[in-house]
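Chemist: Structure provided below as C-alpha cells; questions to follow.
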Amino acid sequence: MRNLFLVLVAGATTATGPAPVPTPHGTATPTAPAPAITTTLAVAVPNAALPRFAAALAQMPSITGGDGWNGVTGTEAWQQLAKATPDTRQLARWNFAKGLIASERGAEALGVLEVMRLGDKDLALVTPYQLARGAALTLLGRDAEAVESLSAPELASNPEACAWRMRALAHSGDAASAVGEINCARVAINARAPKDRVPFMIVAAGAAIDVGQPQPAMQWLGLFSDQNPEANVLRGRALLAQKDLANARLRFERAALSGSPEVKAAARLGTIEVGIDGHSTNPADAIKQLDALRFGWRGGPVERRALTIEYGLAKDAKDLRAELKSGATLLRYFRLGAQAGPMLAELQQSLTAVLAPDSGVPLPEAAGLYWDYRELAPSGGDGDVLANRLADRLEAAGLYARAAELLTYQLNQRAQDVAQGPLSVHVASLQILAGRPDLALTALQTTEQPSYSDQMRWDRKRMEAVALHRLGKDDAATAALDGVPDGAAVRAEIHWRTQDWGNFVTESEASLPAAKGALAAPQQAAVLRYAVALAMLSREDKLRALHARYAGAFKGLPTASAFDMLTASLDKIDPAKLDAAIAAIPEASPAGAIGDLLDAGG
C-alpha cells in the first residue's frame with residue numbers, strides 16, 4: 001500500500017498549487033454554474049430528425065484521463081448549439097456535456113446527456129457515454145448508479161473510469177473497493193493539474209484511512225496546504241489511527257475554525273473520537289455527544305461514521321435501546337455491503353432479548369421498542385412467533401390497543417393470502433376490546449378474499465356482527481349473521497342487550513338446552529334469560545311450561561330460587577325480589593366469547 005501511494009503521487013510534488021476558490025460555506029468548487037434546467041431546456045431541441053450518433057461516438061478516441069473532458073461551456077457552448085445543424089447537434093451537445101463534467105457541474109451534464117439519449121437510445125450502449133454518465137452521477141452523489149454506469153467490461157481497466165469509480169465507491173462507504181481502484185486510477189489522477197487532483201486525492205486518502213492505512217494517506221495529504229480544513233480532518237483521522245491523540249485533536253480543532261459545515265461536523269466527530277480513545281469521555285456521554293452531532297448534521301460519511309461508533313459503544317455498554325437505534329438507522333439509510341448481514345443478525349438477537357418476559361424491560365417499553373424497530377424482526381415464522389408472543393403479553397395486561405396496533409402491522413405487512421383470515425379475526429377482537437369497533441371493521445374489510453374456508457368466513461362474519469352492534473347498527477349486525485351456524489345464538493345476544501324481547505324469544509327458543517342432566521352456567525343463563533323475556537311479554541302459559549320443563553334440572557343449583565321466582569305466575573312475582581332474581585342470572589354468555597365481546601369496549 002505504501003508503494004502504491006508513492007507511485008500515485010510520483011512527479012506530483014508541486015501539487016500544492018493554488019487553493020480552489022472557496023464558496024461561502026468553505027467547500028472547494030468552481031464558479032457557480034447556471035441552473036441545470038436552463039441548460040437542459042437550451043439543448044432540448046426536438047430530436048425526431050436527428051441522425052444517429054452512437055456509432056460516431058463509439059469511434060472517437062477513448063477518454064482515459066482528465067484531458068479527455070476537453071469540452072466547452074459558457075458563451076462558446078451556447079454559440080455552438082445555436083449554430084448546430086441536425087447533423088452536428090449531438091456532437092455539440094457532447095462537447096457541452098464534457099465541458100460541464102470538467103467544471104464538475106454534474107446536474108447540468110446529466111441533463112445534457114439525457115437529452116442526447118432521448119435522441120438516440122443506443123448511446124446508452126457506448127463506452128464514452130457510459131463513462132460520462134458515471135462521472136456526472138458521481139458528481140451528484142448518486143453512487144450506486146454511478147458505479148453501475150462505470151462497470152462496463154470495457155471500462156474495467158480504463159484509468160479515468162477507475163478514478164471516478166474510486167470517488168463513487170469511497171463516497172458510498174465502500175472504502176475497501178475504493179482503495180482497490182487506486183492502482184488503476186493513479187495514471188489519470190497524476191496527469192491532472194494540481195487543483196483538479198484534489199477531489200480524487202481527498203477521497204482516496206479517506207478510503208485508505210478507513211481500511212487501516214494511515215501512513216500512505218498522510219504522505220498523500222502532504223501535497224495539500226497545511227491550512228486546508230478538509231485535509232486537516234483527514235490528517236486528524238490518520239493521526240488518531242496512529243494513536244497520536246494530541247496532534248489529532250489539534251488538527252480537528254484547526255479544521256473546525258474554517259471548514260464548511262460538513263468539514264466542521266467531521267472535525268467535531270473527530271474530537272469526540274479523541275475523547276473516546278483517550279478515555280476522557282465515558283461511553284454514555286459519548287453516545288449523547290454523537291446524538292447531538294447527528295441532530296445538527298444528517299447524511300453522508302460523517303453520520304455513517306458517527307452511527308458506527310455509537311453502535312460499537314452501545315454494544316460494549318449493553319445499552320439495547322441505543323444499539324437498536326443506531327443499528328437500525330445504519331441499515332435503513334446507508335449501504336453497508338457485507339456488514340449488513342451480520343449487523344442485522346446482531347440486532348435481531350438484541351430485539352428478541354428485549355422482548356423476552358425475563359428481560360427486565362417493562363412491557364410498554366418493550367412494545368414501543370418493537371414498534372420502533374419492527375423492520376428488524378426476523379422474517380418468516382420466527383418473526384411471527386415473536387410478534388404474537390408480545391401481543392399475547394399486551395392482551396393479558398389489558399393493553400388491547402397496543403396489541404391491536406402490533407398485530408395490524410403483521411396483518412398488513414407480513415401475513416399473506418389465507419393467513420390473513422385468523423389474524424384478521426384476532427385483530428378485530430382486540431380492536432373491539434379496545435373500544436374501536438370501526439377499526440375492527442376496517443381490519444376485516446381490507447382482508448376480504450374468496451379463498452377463505454367456510455369456517456373462516458363464518459368466524460369473520462361473527463366478528464363483523466359484533467363490531468356492527470358496537471357501532472349501533474343492529475339491523476346490519478343481524479343481517480351479517482345470515483347463513484352462519486349458531487348465528488341465531490349471536491342474534492339472540494344482540495336482542496337481549498337491546499331488550500327486543502319478542503325477537504329474543506324467537507331466536508333463542510330453538511337453542512334452549514335439554515332438560516335432563518346438569519346445567520352449566522351458560523345453559524342456566526339461557527333458560528333464565530328466556531324466562532325474563534317471557535315475563536316481559538306476559539306469556540304466562542309459556543312460563544308455566546318452562547317451569548315444568550326445567551324445575552328438576554335447577555333443583556339444588558344456586559340459581560334455583562331465581563328460576564322459581566322468574567317462572568312463577570305473574571300475579572305472584574314479588575317486585576322487591578325480582579331484581580335480585582335477575583341479578584342472579586350467571587354472567588356466562590350462552591354465545592360464548594362472541595357474547596362477551598358484545599359488551600366489550602363499552
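Here, A, B, ... name the chains of the C-alpha cells in the order displayed, residue numbers run from 1 inside each chain, and ligands are numbered from 1 in the same displayed order.
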Hey, what's within 12 Å of Leu313 (chain A) if we count only C-alpha atoms and toss same-chain stuff fewer than 3 positions away? As a list in words, please?

Modeler: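 Near neighbours after the sequence-gap exclusion: Glu273, Ile276, Asp277, Thr281, Asn282, Pro283, Ala284, Asp285, Ala286, Ile287, Lys288, Leu290, Ala306, Leu307, Thr308, Ile309, Glu310, Asp316, Ala317, Lys318, Asp319, Leu320, Arg321, Ala322, Glu323, Leu324, Ser326 and Gly327 of chain A.
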
Chemist: Report as a ChimeraX atom specification all protein, DNA and RNA residues lying within 12 Å of Leu394 (chain A), evaluated on only C-alpha atoms, omitting residues in the same chain fewer than 5 positions from it.

Modeler: /A:355,357,362-368,387-389,399-407,430,434

Chemist: Residues of region 518-567 of chain A in helix (DSSP H, G or I) according to DSSP, as a ChimeraX atom specification?

Modeler: /A:521-536,540-554,560-566

Chemist: Do a neighbour search on Val418 (chain A) at 9 Å with only C-alpha atoms, toss out local chain neighbours closer than 5 positions, and write the hits as a PyMOL selection string.

Modeler: chain A and resi 449+451-453

Chemist: Could those residues be written to a file, using N, CA and C atoms, as a PDB file, in the first residue's frame?

Modeler:
ATOM      1  N   GLN A 449     -61.212 -11.857   0.984  1.00  0.00           N
ATOM      2  CA  GLN A 449     -60.762 -12.595  -0.201  1.00  0.00           C
ATOM      3  C   GLN A 449     -61.587 -13.877  -0.333  1.00  0.00           C
ATOM      4  N   SER A 451     -60.742 -16.923  -1.030  1.00  0.00           N
ATOM      5  CA  SER A 451     -60.102 -18.216  -0.792  1.00  0.00           C
ATOM      6  C   SER A 451     -60.264 -18.727   0.637  1.00  0.00           C
ATOM      7  N   TYR A 452     -60.963 -17.995   1.504  1.00  0.00           N
ATOM      8  CA  TYR A 452     -61.147 -18.461   2.874  1.00  0.00           C
ATOM      9  C   TYR A 452     -62.052 -19.691   2.913  1.00  0.00           C
ATOM     10  N   SER A 453     -61.810 -20.544   3.894  1.00  0.00           N
ATOM     11  CA  SER A 453     -62.703 -21.685   4.106  1.00  0.00           C
ATOM     12  C   SER A 453     -64.030 -21.180   4.674  1.00  0.00           C
TER      13      SER A 453
END

Chemist: Calculate how many Å separate CA of Ala465 (chain A) from CA of Val385 (chain A), rounding to one decimal.

Modeler: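 According to the coordinates, CA of Ala465 (chain A) and CA of Val385 (chain A) are separated by 28.9 Å.
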
Chemist: Pick out the residues sitting within 9 Å of region 165-173 of chain A, and hand them over as a ChimeraX atom specification; count only C-alpha atoms, and ignore anything fewer than 6 positions along from it in its own chain.

Modeler: /A:134-135,137-139,141-144,146-147,150-151,179-182,185,199-200,203-204,206-207,300-301,304,334-337

Chemist: Emit the selected residues as a tab-separated table (two decimals), in the first residue's frame, including N, CA and C atoms.

Modeler:
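Done, and the output landed in result_22.tsv:
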chain	number	residue	atom	x	y	z
A	134	GLY	N	-21.49	8.11	-15.81
A	134	GLY	CA	-20.99	7.71	-14.50
A	134	GLY	C	-20.30	8.85	-13.78
A	135	ALA	N	-19.54	9.67	-14.53
A	135	ALA	CA	-18.87	10.82	-13.92
A	135	ALA	C	-19.91	11.83	-13.41
A	137	LEU	N	-23.04	11.28	-12.56
A	137	LEU	CA	-23.74	10.71	-11.40
A	137	LEU	C	-22.86	10.75	-10.15
A	138	THR	N	-21.57	10.55	-10.31
A	138	THR	CA	-20.66	10.64	-9.17
A	138	THR	C	-20.67	12.05	-8.59
A	139	LEU	N	-20.64	13.04	-9.47
A	139	LEU	CA	-20.67	14.43	-9.01
A	139	LEU	C	-21.96	14.74	-8.25
A	141	GLY	N	-23.51	12.56	-6.37
A	141	GLY	CA	-23.63	11.72	-5.18
A	141	GLY	C	-24.55	10.53	-5.36
A	142	ARG	N	-24.92	10.21	-6.58
A	142	ARG	CA	-25.76	9.03	-6.84
A	142	ARG	C	-24.84	7.85	-7.08
A	143	ASP	N	-24.26	7.37	-6.00
A	143	ASP	CA	-23.09	6.49	-6.07
A	143	ASP	C	-23.40	5.14	-6.71
A	144	ALA	N	-24.50	4.51	-6.30
A	144	ALA	CA	-24.80	3.17	-6.83
A	144	ALA	C	-25.02	3.22	-8.33
A	146	ALA	N	-23.82	5.47	-10.33
A	146	ALA	CA	-22.54	5.82	-10.94
A	146	ALA	C	-21.67	4.58	-11.12
A	147	VAL	N	-21.56	3.78	-10.08
A	147	VAL	CA	-20.74	2.58	-10.17
A	147	VAL	C	-21.28	1.64	-11.25
A	150	LEU	N	-20.31	2.87	-14.61
A	150	LEU	CA	-18.86	2.79	-14.84
A	150	LEU	C	-18.33	1.36	-14.82
A	151	SER	N	-19.20	0.38	-14.77
A	151	SER	CA	-18.77	-1.00	-14.60
A	151	SER	C	-18.86	-1.84	-15.86
A	179	VAL	N	-10.21	1.67	-2.47
A	179	VAL	CA	-8.76	1.52	-2.45
A	179	VAL	C	-8.31	0.56	-3.55
A	180	GLY	N	-9.13	-0.43	-3.83
A	180	GLY	CA	-8.79	-1.37	-4.89
A	180	GLY	C	-8.72	-0.75	-6.28
A	181	GLU	N	-9.30	0.44	-6.45
A	181	GLU	CA	-9.27	1.11	-7.75
A	181	GLU	C	-8.06	2.04	-7.90
A	182	ILE	N	-7.32	2.28	-6.82
A	182	ILE	CA	-6.26	3.30	-6.86
A	182	ILE	C	-5.17	2.94	-7.85
A	185	ALA	N	-6.30	3.84	-11.17
A	185	ALA	CA	-6.64	5.25	-11.34
A	185	ALA	C	-5.44	6.19	-11.28
A	199	PRO	N	-10.20	16.55	-5.52
A	199	PRO	CA	-11.31	15.69	-5.07
A	199	PRO	C	-10.98	14.21	-5.12
A	200	PHE	N	-10.14	13.80	-6.09
A	200	PHE	CA	-9.79	12.39	-6.18
A	200	PHE	C	-8.82	11.99	-5.07
A	203	VAL	N	-10.63	11.79	-1.52
A	203	VAL	CA	-11.43	10.58	-1.26
A	203	VAL	C	-10.53	9.35	-1.16
A	204	ALA	N	-9.44	9.32	-1.94
A	204	ALA	CA	-8.53	8.18	-1.85
A	204	ALA	C	-7.86	8.13	-0.49
A	206	GLY	N	-9.07	9.37	2.32
A	206	GLY	CA	-10.07	8.96	3.29
A	206	GLY	C	-10.33	7.47	3.25
A	207	ALA	N	-10.38	6.90	2.05
A	207	ALA	CA	-10.60	5.45	1.93
A	207	ALA	C	-9.44	4.68	2.52
A	300	GLY	N	-24.43	11.25	4.65
A	300	GLY	CA	-23.05	11.22	4.22
A	300	GLY	C	-22.13	10.44	5.13
A	301	PRO	N	-20.84	10.48	4.81
A	301	PRO	CA	-19.86	9.71	5.59
A	301	PRO	C	-19.79	10.12	7.06
A	304	ARG	N	-22.58	8.44	8.94
A	304	ARG	CA	-22.35	6.99	8.94
A	304	ARG	C	-21.27	6.62	9.97
A	334	PHE	N	-28.15	3.60	4.96
A	334	PHE	CA	-26.80	3.50	4.40
A	334	PHE	C	-26.59	2.11	3.79
A	335	ARG	N	-25.80	2.10	2.73
A	335	ARG	CA	-25.44	0.83	2.10
A	335	ARG	C	-24.24	0.26	2.86
A	336	LEU	N	-24.46	-0.87	3.53
A	336	LEU	CA	-23.42	-1.43	4.38
A	336	LEU	C	-22.69	-2.59	3.74
A	337	GLY	N	-23.14	-3.02	2.58
A	337	GLY	CA	-22.46	-4.11	1.89
A	337	GLY	C	-22.43	-5.38	2.72

Chemist: Give the answer as one residue: which of A:Gln289, A:Ser280, A:Thr446, A:Gln524 has the shortest atom-to-atom distance to Tyr550 (chain A), using only C-alpha atoms?

Modeler: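 Closest candidate: A:Gln524.
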
Chemist: Need to verify the contact set: Pro586 (chain A), 12 Å, only C-alpha atoms, exclusion of same-chain residues closer than 6 positions in sequence. Can you return it as a ChimeraX atom specification?

Modeler: /A:519-529,557-560,562-563
